[in-house]
Structure formats: C-alpha cells, structure tokens
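Enquirer: I'm passing along data-v1.txt; it holds compact mmCIF, C-alpha atoms.
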# COMPACT_ATOMS: atom_id res chain seq x y z
CA MET Q 1 29.36 13.86 1.30
CA ASN Q 2 27.94 16.54 3.58
CA LYS Q 3 29.83 19.82 3.80
CA TYR Q 4 29.46 19.92 7.55
CA GLU Q 5 29.79 17.56 10.48
CA MET Q 6 26.64 15.69 11.38
CA ASN Q 7 25.29 16.57 14.82
CA THR Q 8 22.54 14.08 15.58
CA ASN Q 9 21.86 11.35 18.12
CA GLU Q 10 20.20 9.11 15.53
CA THR Q 11 22.09 5.94 14.64
CA LYS Q 12 20.96 6.17 11.02
CA PRO Q 13 20.93 9.31 8.86
CA LYS Q 14 17.55 10.66 7.94
CA TYR Q 15 16.49 12.76 5.03
CA ILE Q 16 13.56 15.02 4.29
CA TYR Q 17 12.34 15.13 0.69
CA THR Q 18 10.01 17.90 -0.48
CA TYR Q 19 7.72 17.13 -3.39
CA ALA Q 20 4.91 18.72 -5.37
CA CYS Q 21 2.52 17.70 -8.13
CA HIS Q 22 -0.60 18.85 -9.92
CA GLU Q 23 -3.84 17.33 -8.64
CA THR Q 24 -4.23 15.39 -11.92
CA GLU Q 25 -0.85 13.73 -11.26
CA ARG Q 26 -1.32 13.08 -7.55
CA GLU Q 27 -2.04 9.34 -7.74
CA LEU Q 28 1.04 8.73 -9.89
CA CYS Q 29 3.20 10.92 -7.64
CA LEU Q 30 2.19 9.10 -4.45
CA LEU Q 31 2.59 5.67 -6.02
CA GLU Q 32 6.04 6.51 -7.39
CA LEU Q 33 7.22 7.81 -4.00
CA LYS Q 34 5.87 4.71 -2.29
CA CYS Q 35 7.74 2.54 -4.78
CA LEU Q 36 11.00 4.45 -4.42
CA PHE Q 37 11.01 4.72 -0.64
CA GLY Q 38 9.06 1.64 0.41
CA GLN Q 39 6.50 3.82 2.18
CA PRO Q 40 3.92 6.43 1.19
CA PRO Q 41 4.40 10.07 2.24
CA MET Q 42 2.83 10.90 5.60
CA HIS Q 43 2.53 14.58 4.71
CA ASP Q 44 1.15 16.53 1.76
CA SER Q 45 4.51 18.00 0.78
CA ILE Q 46 7.33 16.15 2.58
CA LEU Q 47 8.59 12.61 3.02
CA LEU Q 48 10.94 11.51 5.83
CA SER Q 49 13.14 8.53 5.02
CA GLU Q 50 16.37 6.78 5.93
CA ARG Q 51 16.86 6.03 2.24
CA ARG Q 52 19.25 8.37 0.41
CA LEU Q 53 18.10 9.14 -3.10
CA GLU Q 54 19.26 11.75 -5.58
CA PRO Q 55 16.44 14.34 -5.78
CA GLY Q 56 16.46 14.27 -9.59
CA THR Q 57 15.47 10.60 -9.55
CA SER Q 58 11.80 11.60 -9.32
CA PRO Q 59 10.17 14.35 -11.40
CA PHE Q 60 8.10 15.27 -8.35
CA ILE Q 61 10.90 15.75 -5.80
CA HIS Q 62 12.21 19.30 -5.42
CA LEU Q 63 15.00 18.82 -2.89
CA ARG Q 64 16.54 16.53 -0.29
CA LEU Q 65 17.35 17.91 3.15
CA ASP Q 66 20.27 16.03 4.75
CA ILE Q 67 19.36 16.38 8.42
CA ALA Q 68 22.23 17.50 10.66
CA VAL Q 69 20.30 18.88 13.65
CA ASP Q 70 17.06 17.64 15.21
CA ALA Q 71 15.70 19.86 18.00
CA GLY Q 72 12.51 20.20 20.00
CA THR Q 73 12.37 24.01 19.87
CA LEU Q 74 13.64 26.79 17.66
CA GLU Q 75 15.84 28.00 20.49
CA GLU Q 76 17.47 24.57 20.79
CA LEU Q 77 17.95 24.50 17.02
CA CYS Q 78 19.73 27.86 17.06
CA GLU Q 79 21.98 26.66 19.89
CA ALA Q 80 22.86 23.46 18.03
CA ALA Q 81 23.52 25.40 14.82
CA SER Q 82 26.49 27.05 16.52
CA THR Q 83 28.23 23.66 16.68
CA LEU Q 84 28.06 23.01 12.91
CA GLN Q 85 31.44 23.03 11.18
CA LEU Q 86 31.22 24.11 7.55
CA GLU Q 87 33.97 23.17 5.16
CA GLU Q 88 36.68 25.82 5.32
CA GLY Q 89 36.21 28.62 2.82
CA LYS Q 90 32.65 27.63 1.89
CA THR Q 91 29.89 30.25 1.98
CA PHE Q 92 26.35 29.53 3.12
CA LYS Q 93 22.84 30.83 3.49
CA VAL Q 94 19.87 29.63 5.55
CA LEU Q 95 16.50 28.96 3.92
CA CYS Q 96 13.35 28.43 5.98
CA LEU Q 97 11.28 25.95 3.96
CA LYS Q 98 7.56 26.57 3.51
CA GLU Q 99 6.80 22.85 3.47
CA GLY Q 100 6.05 20.86 6.59
CA ASP Q 101 4.23 22.22 9.63
CA ASN Q 102 5.77 25.67 9.67
CA GLU Q 103 2.90 28.18 9.89
CA ALA Q 104 5.22 31.20 9.81
CA ASP Q 105 4.51 33.89 7.24
CA TYR Q 106 7.12 35.41 4.93
CA ASP Q 107 8.49 37.92 7.44
CA GLU Q 108 8.70 35.34 10.22
CA ARG Q 109 10.56 32.89 7.98
CA ARG Q 110 13.13 35.60 7.20
CA ARG Q 111 13.58 36.23 10.94
CA ILE Q 112 14.13 32.52 11.55
CA GLU Q 113 16.74 32.46 8.79
CA ARG Q 114 18.61 35.39 10.33
CA ARG Q 115 18.53 33.87 13.82
CA ILE Q 116 19.98 30.57 12.68
CA GLY Q 117 22.41 32.11 10.20
CA ALA Q 118 23.88 34.30 12.93
CA ARG Q 119 24.79 31.19 14.95
CA ILE Q 120 26.47 29.20 12.16
CA GLN Q 121 30.23 29.60 12.00
CA GLY Q 122 31.14 30.61 8.47
CA GLN Q 123 30.73 33.27 5.82
CA ALA Q 124 27.14 34.07 4.82
CA GLN Q 125 26.38 34.72 1.17
CA MET Q 126 22.77 35.26 0.11
CA LYS Q 127 23.01 35.32 -3.69
CA GLU Q 128 25.18 32.37 -4.73
CA PRO Q 129 26.25 30.43 -1.63
CA ASP Q 130 28.26 27.22 -1.81
CA ILE Q 131 25.87 25.61 0.70
CA THR Q 132 22.19 26.20 1.40
CA MET Q 133 21.14 25.17 4.88
CA GLY Q 134 17.44 24.42 5.10
CA VAL Q 135 15.30 24.56 8.21
CA ILE Q 136 11.91 22.89 8.45
CA ARG Q 137 9.38 22.15 11.19
CA THR Q 138 7.60 18.82 11.14
CA GLY Q 139 5.34 17.73 13.96
CA GLN Q 140 6.93 18.97 17.17
CA ARG Q 141 10.50 18.87 15.80
CA TRP Q 142 12.72 21.49 14.17
CA LEU Q 143 15.19 20.11 11.61
CA LEU Q 144 18.24 21.71 10.02
CA GLY Q 145 20.46 20.39 7.25
CA GLN Q 146 21.95 20.90 3.83
CA CYS Q 147 19.62 21.31 0.83
CA VAL Q 148 20.43 19.17 -2.20
CA TYR Q 149 18.31 20.31 -5.13
CA SER Q 150 16.98 18.33 -8.07
CA ASP Q 151 18.85 19.15 -11.25
CA ARG Q 152 15.52 19.12 -13.18
CA SER Q 153 17.43 18.12 -16.32
CA TRP Q 154 14.46 16.07 -17.51
CA LEU Q 155 12.69 19.32 -18.39
CA GLU Q 156 15.14 19.75 -21.28
CA ARG Q 157 13.82 16.53 -22.83
CA ARG Q 158 10.24 17.74 -23.21
CA GLN Q 159 11.03 18.94 -26.72
CA LYS Q 160 12.00 16.18 -29.15
CA PRO Q 161 12.54 16.16 -32.93
CA GLN Q 162 9.84 13.48 -33.29
CA ASN Q 163 6.76 12.82 -31.15
CA TYR Q 164 3.17 11.62 -31.12
CA SER Q 165 0.43 13.98 -29.95
CA THR Q 166 -0.67 11.13 -27.61
CA GLY Q 167 2.88 10.28 -26.53
CA LEU Q 168 3.63 10.01 -22.81
CA PRO Q 169 4.77 13.28 -21.19
CA VAL Q 170 8.38 13.21 -20.00
CA PHE Q 171 7.50 13.32 -16.29
CA VAL Q 172 5.15 10.35 -16.74
CA ALA Q 173 7.76 8.37 -18.66
CA LYS Q 174 10.31 9.04 -15.92
CA ALA Q 175 7.87 7.99 -13.18
CA LEU Q 176 7.03 4.78 -15.07
CA VAL Q 177 10.71 3.81 -15.11
CA ASN Q 178 10.82 4.34 -11.35
CA LEU Q 179 7.73 2.17 -10.90
CA ALA Q 180 9.37 -0.58 -12.94
CA VAL Q 181 12.77 -0.36 -11.24
CA GLY Q 182 12.07 0.85 -7.70
CA HIS Q 183 10.79 -2.39 -6.23
CA ALA Q 184 13.30 -4.57 -8.09
CA ALA Q 185 16.17 -2.36 -6.93
CA VAL Q 186 15.43 -3.31 -3.33
CA HIS Q 187 16.03 -6.97 -4.14
CA LYS Q 188 19.00 -6.57 -6.49
CA ALA Q 189 22.41 -5.34 -5.38
CA ASP Q 190 23.03 -3.24 -8.48
CA ALA Q 191 19.83 -1.71 -9.86
CA GLY Q 192 21.81 -0.32 -12.78
CA ARG Q 193 22.26 -3.88 -14.08
CA LEU Q 194 18.53 -4.52 -14.38
CA LYS Q 195 17.37 -5.34 -17.90
CA LEU Q 196 14.35 -3.32 -18.99
CA LEU Q 197 12.10 -3.75 -22.01
CA ASP Q 198 9.82 -1.33 -23.84
CA PRO Q 199 8.05 -3.58 -26.38
CA CYS Q 200 5.85 -0.84 -27.92
CA CYS Q 201 8.27 2.04 -27.61
CA GLY Q 202 6.65 4.52 -30.01
CA MET Q 203 8.94 7.55 -30.28
CA GLY Q 204 11.14 6.34 -27.43
CA ASN Q 205 9.97 8.60 -24.61
CA VAL Q 206 10.27 5.91 -21.91
CA MET Q 207 13.55 4.63 -23.34
CA ILE Q 208 15.16 8.07 -23.26
CA GLU Q 209 14.20 8.60 -19.62
CA ALA Q 210 15.48 5.15 -18.64
CA LEU Q 211 18.78 5.77 -20.44
CA SER Q 212 19.13 9.20 -18.82
CA MET Q 213 18.86 7.41 -15.45
CA GLY Q 214 21.62 4.95 -16.36
CA LYS Q 215 19.29 1.99 -16.95
CA HIS Q 216 19.77 -0.77 -19.52
CA ILE Q 217 16.74 -0.84 -21.81
CA HIS Q 218 15.84 -2.20 -25.23
CA GLY Q 219 12.89 -1.04 -27.29
CA TYR Q 220 10.83 -2.52 -30.09
CA ASP Q 221 7.91 -1.37 -32.17
CA ILE Q 222 5.91 -3.01 -34.93
CA ASN Q 223 5.55 0.32 -36.76
CA PRO Q 224 8.57 1.23 -38.96
CA LEU Q 225 7.70 4.94 -38.70
CA ALA Q 226 7.80 4.76 -34.90
CA VAL Q 227 11.16 2.98 -34.97
CA ARG Q 228 12.53 5.63 -37.31
CA GLY Q 229 11.24 8.45 -35.09
CA ALA Q 230 12.56 6.80 -31.90
CA ARG Q 231 16.00 6.46 -33.45
CA VAL Q 232 16.01 10.14 -34.40
CA ASN Q 233 15.11 11.05 -30.82
CA LEU Q 234 17.70 8.73 -29.29
CA ARG Q 235 20.40 10.13 -31.56
CA HIS Q 236 19.32 13.69 -30.70
CA PHE Q 237 19.99 13.04 -26.99
CA GLY Q 238 23.25 11.16 -27.60
CA TYR Q 239 22.05 7.57 -27.17
CA GLU Q 240 22.63 4.58 -29.44
CA GLU Q 241 19.83 4.40 -31.98
CA GLU Q 242 20.33 0.67 -32.43
CA LEU Q 243 18.76 0.15 -29.01
CA VAL Q 244 15.45 0.40 -30.88
CA LYS Q 245 14.54 -2.36 -33.31
CA LEU Q 246 11.61 -3.22 -35.53
CA GLY Q 247 9.71 -6.11 -34.02
CA ASP Q 248 6.37 -7.58 -32.97
CA MET Q 249 6.35 -8.06 -29.19
CA ASN Q 250 4.53 -11.37 -29.63
CA MET Q 251 7.59 -12.70 -31.48
CA LEU Q 252 10.25 -11.42 -29.09
CA GLU Q 253 12.51 -13.76 -27.12
CA GLY Q 254 14.63 -13.40 -24.02
CA THR Q 255 13.97 -12.46 -20.40
CA TYR Q 256 13.90 -9.07 -18.68
CA ASP Q 257 13.73 -7.93 -15.08
CA ALA Q 258 10.92 -5.49 -15.86
CA ALA Q 259 8.96 -4.10 -18.79
CA ILE Q 260 7.01 -0.93 -19.45
CA LEU Q 261 4.13 -1.36 -21.89
CA ASP Q 262 2.11 1.60 -23.13
CA MET Q 263 -0.73 -0.20 -24.87
CA PRO Q 264 -1.25 1.03 -28.46
CA TYR Q 265 -3.74 3.86 -28.53
CA ASN Q 266 -5.72 5.05 -31.54
CA LEU Q 267 -8.22 7.88 -31.63
CA CYS Q 268 -10.34 6.09 -34.23
CA SER Q 269 -10.28 2.45 -33.14
CA VAL Q 270 -9.88 0.16 -30.14
CA LEU Q 271 -7.46 -2.76 -30.06
CA PRO Q 272 -9.52 -6.00 -29.90
CA ALA Q 273 -9.54 -7.76 -26.52
CA ASP Q 274 -7.99 -10.92 -28.00
CA ASP Q 275 -5.06 -8.90 -29.37
CA GLN Q 276 -4.60 -7.19 -26.00
CA LYS Q 277 -4.64 -10.53 -24.20
CA GLN Q 278 -2.04 -11.94 -26.57
CA MET Q 279 0.21 -8.93 -25.92
CA LEU Q 280 -0.17 -9.30 -22.16
CA ARG Q 281 0.62 -13.02 -22.31
CA SER Q 282 3.70 -12.33 -24.42
CA LEU Q 283 4.77 -9.72 -21.89
CA ARG Q 284 4.28 -12.26 -19.08
CA ARG Q 285 6.63 -14.61 -20.90
CA LEU Q 286 9.26 -11.89 -21.34
CA ALA Q 287 9.30 -10.05 -18.00
CA ALA Q 288 9.06 -10.82 -14.29
CA ARG Q 289 7.45 -7.45 -13.56
CA ALA Q 290 5.57 -4.96 -15.69
CA VAL Q 291 4.16 -1.47 -15.63
CA ILE Q 292 1.24 -1.32 -18.06
CA VAL Q 293 -0.48 1.83 -19.31
CA SER Q 294 -3.84 1.93 -21.07
CA THR Q 295 -6.79 4.20 -21.68
CA GLU Q 296 -9.17 1.28 -21.07
CA PRO Q 297 -10.00 -0.93 -18.06
CA MET Q 298 -7.79 -4.03 -18.12
CA GLU Q 299 -8.06 -5.74 -14.73
CA ALA Q 300 -9.83 -8.82 -16.13
CA LEU Q 301 -7.42 -9.17 -19.06
CA LEU Q 302 -4.43 -8.85 -16.76
CA SER Q 303 -5.71 -11.65 -14.54
CA GLU Q 304 -6.54 -13.88 -17.50
CA SER Q 305 -3.03 -13.31 -18.87
CA GLY Q 306 -1.32 -14.57 -15.71
CA TRP Q 307 -0.46 -11.23 -14.11
CA THR Q 308 -1.02 -10.35 -10.46
CA LEU Q 309 -1.95 -6.72 -9.92
CA THR Q 310 0.06 -5.14 -7.08
CA GLU Q 311 -0.57 -1.39 -7.51
CA GLN Q 312 -2.56 0.91 -9.73
CA CYS Q 313 -3.22 4.60 -10.28
CA ARG Q 314 -4.71 7.01 -12.78
CA ILE Q 315 -3.48 10.11 -14.58
CA HIS Q 316 -6.24 12.57 -15.39
CA LYS Q 317 -6.20 14.81 -18.46
CA THR Q 318 -8.82 16.98 -20.11
CA SER Q 319 -8.82 14.95 -23.32
CA MET Q 320 -8.31 11.47 -21.81
CA SER Q 321 -7.21 9.57 -18.73
CA ARG Q 322 -4.62 6.84 -18.48
CA GLU Q 323 -4.72 3.88 -16.12
CA ILE Q 324 -1.42 2.51 -14.83
CA TRP Q 325 -1.07 -1.01 -13.43
CA VAL Q 326 2.00 -2.45 -11.71
CA CYS Q 327 1.99 -6.22 -12.08
CA GLU Q 328 4.09 -9.25 -11.21
As structure tokens, please, write out the structure in this file.
Expert:
Amino acid sequence: MNKYEMNTNETKPKYIYTYACHETERELCLLELKCLFGQPPMHDSILLSERRLEPGTSPFIHLRLDIAVDAGTLEELCEAASTLQLEEGKTFKVLCLKEGDNEADYDERRRIERRIGARIQGQAQMKEPDITMGVIRTGQRWLLGQCVYSDRSWLERRQKPQNYSTGLPVFVAKALVNLAVGHAAVHKADAGRLKLLDPCCGMGNVMIEALSMGKHIHGYDINPLAVRGARVNLRHFGYEEELVKLGDMNMLEGTYDAAILDMPYNLCSVLPADDQKQMLRSLRRLAARAVIVSTEPMEALLSESGWTLTEQCRIHKTSMSREIWVCE
C-alpha cells in the first residue's frame, strides 16, 4: 500500500525497477529480468513495468519506484508534487536517482531534491525518513514516487557451514529459481504452490534460496556426503533437513512443475555423454520445465533427450564459465 495518494492519469499502475550487475553476470541478469517481467529491460539500469514485484525477488534489483507522478518537465513535476498527500505523521525525503536519463551532476541532483521536497506537504527528515520519494528522468518524462528497497537478505546466506568450492554462488542460485518459476508463475494462479525439484542438490544452495522465497522444493543427491552437508545447511537456516534425501535422479518418481539441475562437475574428470543423456531423459520424465547448468556444451544432448531449448545464457568466471539452459 502506498503511503500517498496516487496522482496519475494512467489506468494501470506502473513501476520503475533499478538494477545492476557485474559484466560477467550480465547475461544471467537480463535473462532473469526478462523471465520475471515478460520483457527485457529497455535501458542499461532501469526497467519499466506494470508488474508489481518485491525488489528482493531478484538479486540484481536495487529498488522499485511506485510511480505517483508522471510529468513532461521538472517544473510540472514540482507543481504536481504539491498535490501529494503523505500519510499523517510520516516523515519523508526526496532522492534524485542517478539511473535513467538524468545527466545532472551531484550538485544539480541535490538542487532537484530540494525543489521537489519544498513542494511536498509533510515533514522532511533526511537521516531516517519514514518514506523516501524518488525522482527519475527517463526519455522525455520526469517520474516521482515512493522508493521500495530490496531487503538484500540473501547476502546473509553467502556463508554456510558446509559448501563446495565449485558450488553455485547465492545470487546465481536465487536467479536460477526465478528462471524456473518466473514463466510458470504467469500460467499458474498461485506460484507458491509450484513443485520444484533439485535432483543433484549438492550442499543445498539452490534449495535454500527457493525455500527463502517461499517455494516448495525437494532435493536429492547420490552422494551421502552431499546429503549430509545439505542437511546441515538447511538446519542452519531454519529449514527442514528432511527435504533432502539420498537418491539417484534416474530412479526418482513423481512429477514436478520445474526442476533445477546443476550437472555434476569434477575438476579431474568429465561425466560421460551417455550418463549425461540418461540424466537429462530422467529429468524430462520428472519435470515439465527445467533450468540446466553445465560447464560443457549440451545443446545436442538436450535435443536428443527430448528437451526444447527456450533460453540460454552464460556466467563468466576467471576459473571457469557456466552455461545455463532453460528448457521445456
């Protein structure tokens, strides 16, 4: 619920999301945003959408701006700001965002903040305001609205009691869950009821991110040491350790809405192609949709296993790169 009255002629609410990523993560970032919002970003740092999403859903999103005023000039924006009604007793400050098409330097942004802040009816508080009003320029439009920040709680899960040196980073694990769920959520009334599978869960990195997002997920691993480590990690973050079980994915039964498979990776050996194909065929039997991660090319194997490739991207690292395929 916004803390002010909306003042816009649009029939549907619109939101601005600001995002950022390292160049090595750019492909994953853009693919995740496309999956979540149904459209790719049209700008290097912002995404305009009618879809309302909590900023913390994506590891790349910094904040959501709930647009209250849309004006053609800064002067019109200042005039419209005087009509905003903040919740009684709430303090505010105005923040001129650097993202978008605003070419103003630091001093000019501060002047813009003061101009708009002087027109808003309410008590200004710069240090710890109840509400932060953000202003941004995109194209030929000036936009003003409330900033809703990402809680960034996923950063606290970077350190785990147990982990592999080659385990997926937390931000990657979180993005993979969004790739698996984002599309399905559009076609299912309650995305929280989707059944997810992690058939080679390792130390449970993907599982923990899915659970933190309120998703239903079950994990398996053929390695007893991995299962033991995953259970320790799940317990550490307050999740049921019995969600992880010892099991060969080729022997699993049941059906799932989506699966996330990080193909086994070994520094000293490569999994034979026949074994990979068997895993992919088993996954096809278990899930309607899959996000598959590997350090090797797999397009041919995916096709031979009955999967249709819909999206793909790459994560670059100094030591190795990972390919990510979204399949149905």
Enquirer: Interatomic distance between atom CA of Ser165 of chain Q and atom CA of Gly202 of chain Q?
Expert: 11.3 Å
Enquirer: Can you list, as a PyMOL selection string, every protein, DNA or RNA residue that comes within 8 Å of segment 76-92 of chain Q when you count only C-alpha atoms, leaving out same-chain residues fewer than 5 positions away?
Expert: chain Q and resi 3-7+69-71+115-116+119-126+129-133+142-144
Enquirer: Quote the spacing between atom CA of Tyr220 of chain Q and atom CA of Asp248 of chain Q in Å to one decimal place.
Expert: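 Atom CA of Asp248 of chain Q lies 7.3 Å from atom CA of Tyr220 of chain Q.
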Enquirer: So, with all atoms listed in the file as the atoms that count, which of Q:Lys127, Q:Gly100, Q:Cys35, Q:Glu209 lies closest to Trp154 of chain Q?
Expert: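 Looking at the shortest contact to Trp154 of chain Q, the residue is Q:Glu209.
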Enquirer: To one decimal place, how far is atom CA of Leu53 of chain Q from atom CA of Ala288 of chain Q in Å?
Expert: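 These two atoms are separated by 24.6 Å.
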Enquirer: Which one is closest to Ala287 of chain Q: Q:Leu65, Q:Leu234, Q:Ala104, Q:Leu261? Count all atoms listed in the file.
Expert: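 Using all atoms listed in the file, the shortest distance to Ala287 of chain Q belongs to Q:Leu261.
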Enquirer: Nearest residue to Ala210 of chain Q out of Q:Gln278, Q:Ser58, Q:Ser321, Q:Thr24, using all atoms listed in the file?
Expert: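 Of the candidates, the smallest distance to Ala210 of chain Q is held by Q:Ser58.
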Enquirer: Using only C-alpha atoms, which of Q:Gly134, Q:Ala230, Q:Pro199, Q:Phe237 sits nearest Leu211 of chain Q?
Expert: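 Result for the nearest residue to Leu211 of chain Q: Q:Phe237.
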Enquirer: Determine, using only C-alpha atoms, which residues of segment 253-272 of chain Q have any atom at most 8 Å from an atom of segment 172-180 of chain Q, and tabulate each with its shortest atom pair and distance in Å to one decimal place, rows ordered by chain and then rising number, as a Markdown table.
Expert:
| residue | atom | partner | partner_atom | distance |
| --- | --- | --- | --- | --- |
| Q:Ala258 | CA | Q:Ala180 | CA | 5.9 |
| Q:Ala259 | CA | Q:Ala180 | CA | 6.8 |
| Q:Ile260 | CA | Q:Ala180 | CA | 6.9 |
Enquirer: Give the padded box for segment 73-91 of chain Q as AutoDock Vina command-line options: axis-aligned, covering all atoms listed in the file, 6 Å on each side, centre and edge lengths in Å to one decimal.
Expert:
--center_x 24.5 --center_y 26.6 --center_z 11.3 --size_x 36.3 --size_y 19.2 --size_z 30.9
Enquirer: Might you pull out every residue within 8 Å of segment 324-326 of chain Q, with all atoms listed in the file counted and same-chain residues fewer than 2 positions away left off, and present them as an MDAnalysis selection string?
Expert: chainID Q and resid 179:180 289:294 309:315 322 328
Enquirer: I'd like the contact shell of Glu54 of chain Q - 9 Å cut-off, only C-alpha atoms, skipping same-chain residues fewer than 5 positions apart - returned as a list in words.
Expert: Leu63, Arg64, Val148, Tyr149 and Ser150 of chain Q
Enquirer: Env of Glu242 of chain Q: 10 Å cut, atoms = all atoms listed in the file, seq-sep filter 3 positions within chain, self excluded. Answer as a list in words.
Expert: His218, Gly219, Val227, Ala230, Arg231, Leu234, Arg235, Tyr239 and Lys245 of chain Q
Enquirer: Taking only C-alpha atoms into account, name the residue in Q:Thr295, Q:Gly254, Q:Glu32, Q:Gly238 that is nearest to Met320 of chain Q.
Expert: Q:Thr295
Enquirer: Using only C-alpha atoms for the distances, tell me which of Q:Ser282, Q:Thr18, Q:Gln146, Q:Thr308 is nearest to Glu253 of chain Q.
Expert: Q:Ser282
Enquirer: Can you tell me, as JSON, numbers by chain, what residues are no more than 12 Å from His22 of chain Q when counting all atoms listed in the file, ignoring any on the same chain fewer than 3 positions away?
Expert: {"Q": [19, 25, 26, 27, 28, 29, 30, 45, 59, 60, 171, 315, 316, 317]}
Enquirer: Can you patch up segment 298-307 of chain Q, filling it in to all heavy atoms, and show the result as an mmCIF file, in the coordinates of the input?
Expert:
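Generated output (out-v5.cif):
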data_model
loop_
_atom_site.group_PDB
_atom_site.id
_atom_site.type_symbol
_atom_site.label_atom_id
_atom_site.label_comp_id
_atom_site.auth_asym_id
_atom_site.auth_seq_id
_atom_site.Cartn_x
_atom_site.Cartn_y
_atom_site.Cartn_z
ATOM 1 N N MET Q 298 -8.471 -2.818 -17.700
ATOM 2 C CA MET Q 298 -7.790 -4.030 -18.120
ATOM 3 C C MET Q 298 -7.631 -5.052 -16.991
ATOM 4 O O MET Q 298 -6.925 -6.042 -17.149
ATOM 5 C CB MET Q 298 -6.393 -3.691 -18.668
ATOM 6 C CG MET Q 298 -6.405 -2.816 -19.893
ATOM 7 S SD MET Q 298 -4.793 -2.783 -20.714
ATOM 8 C CE MET Q 298 -4.695 -4.462 -21.301
ATOM 9 N N GLU Q 299 -8.268 -4.840 -15.862
ATOM 10 C CA GLU Q 299 -8.060 -5.740 -14.730
ATOM 11 C C GLU Q 299 -8.346 -7.196 -15.087
ATOM 12 O O GLU Q 299 -7.568 -8.092 -14.759
ATOM 13 C CB GLU Q 299 -8.953 -5.317 -13.551
ATOM 14 C CG GLU Q 299 -8.493 -4.070 -12.824
ATOM 15 C CD GLU Q 299 -9.034 -2.794 -13.460
ATOM 16 O OE1 GLU Q 299 -9.527 -2.864 -14.612
ATOM 17 O OE2 GLU Q 299 -8.967 -1.738 -12.807
ATOM 18 N N ALA Q 300 -9.460 -7.444 -15.775
ATOM 19 C CA ALA Q 300 -9.830 -8.820 -16.130
ATOM 20 C C ALA Q 300 -8.818 -9.426 -17.086
ATOM 21 O O ALA Q 300 -8.398 -10.578 -16.918
ATOM 22 C CB ALA Q 300 -11.229 -8.839 -16.747
ATOM 23 N N LEU Q 301 -8.397 -8.667 -18.088
ATOM 24 C CA LEU Q 301 -7.420 -9.170 -19.060
ATOM 25 C C LEU Q 301 -6.088 -9.463 -18.400
ATOM 26 O O LEU Q 301 -5.415 -10.444 -18.733
ATOM 27 C CB LEU Q 301 -7.236 -8.160 -20.191
ATOM 28 C CG LEU Q 301 -8.353 -8.067 -21.233
ATOM 29 C CD1 LEU Q 301 -8.057 -6.955 -22.229
ATOM 30 C CD2 LEU Q 301 -8.524 -9.396 -21.958
ATOM 31 N N LEU Q 302 -5.689 -8.633 -17.458
ATOM 32 C CA LEU Q 302 -4.430 -8.850 -16.760
ATOM 33 C C LEU Q 302 -4.466 -10.171 -15.995
ATOM 34 O O LEU Q 302 -3.520 -10.961 -16.040
ATOM 35 C CB LEU Q 302 -4.147 -7.693 -15.803
ATOM 36 C CG LEU Q 302 -3.753 -6.363 -16.450
ATOM 37 C CD1 LEU Q 302 -3.778 -5.236 -15.413
ATOM 38 C CD2 LEU Q 302 -2.371 -6.458 -17.072
ATOM 39 N N SER Q 303 -5.565 -10.416 -15.296
ATOM 40 C CA SER Q 303 -5.710 -11.650 -14.540
ATOM 41 C C SER Q 303 -5.724 -12.868 -15.455
ATOM 42 O O SER Q 303 -5.065 -13.876 -15.182
ATOM 43 C CB SER Q 303 -6.990 -11.594 -13.706
ATOM 44 O OG SER Q 303 -7.184 -12.795 -13.000
ATOM 45 N N GLU Q 304 -6.451 -12.763 -16.553
ATOM 46 C CA GLU Q 304 -6.540 -13.880 -17.500
ATOM 47 C C GLU Q 304 -5.212 -14.157 -18.181
ATOM 48 O O GLU Q 304 -4.979 -15.279 -18.656
ATOM 49 C CB GLU Q 304 -7.611 -13.569 -18.559
ATOM 50 C CG GLU Q 304 -9.022 -13.513 -18.002
ATOM 51 C CD GLU Q 304 -10.020 -12.958 -19.010
ATOM 52 O OE1 GLU Q 304 -9.622 -12.789 -20.191
ATOM 53 O OE2 GLU Q 304 -11.166 -12.685 -18.630
ATOM 54 N N SER Q 305 -4.336 -13.153 -18.202
ATOM 55 C CA SER Q 305 -3.030 -13.310 -18.870
ATOM 56 C C SER Q 305 -1.947 -13.780 -17.919
ATOM 57 O O SER Q 305 -0.781 -13.893 -18.315
ATOM 58 C CB SER Q 305 -2.619 -11.972 -19.508
ATOM 59 O OG SER Q 305 -3.607 -11.520 -20.413
ATOM 60 N N GLY Q 306 -2.299 -14.028 -16.662
ATOM 61 C CA GLY Q 306 -1.320 -14.570 -15.710
ATOM 62 C C GLY Q 306 -0.640 -13.540 -14.846
ATOM 63 O O GLY Q 306 0.288 -13.874 -14.100
ATOM 64 N N TRP Q 307 -1.080 -12.285 -14.913
ATOM 65 C CA TRP Q 307 -0.460 -11.230 -14.110
ATOM 66 C C TRP Q 307 -1.195 -11.062 -12.776
ATOM 67 O O TRP Q 307 -2.415 -11.217 -12.704
ATOM 68 C CB TRP Q 307 -0.484 -9.895 -14.845
ATOM 69 C CG TRP Q 307 0.465 -9.803 -16.002
ATOM 70 C CD1 TRP Q 307 0.160 -9.886 -17.329
ATOM 71 C CD2 TRP Q 307 1.879 -9.607 -15.922
ATOM 72 N NE1 TRP Q 307 1.290 -9.757 -18.093
ATOM 73 C CE2 TRP Q 307 2.371 -9.580 -17.258
ATOM 74 C CE3 TRP Q 307 2.780 -9.459 -14.876
ATOM 75 C CZ2 TRP Q 307 3.725 -9.405 -17.562
ATOM 76 C CZ3 TRP Q 307 4.128 -9.292 -15.162
ATOM 77 C CH2 TRP Q 307 4.580 -9.264 -16.485
#
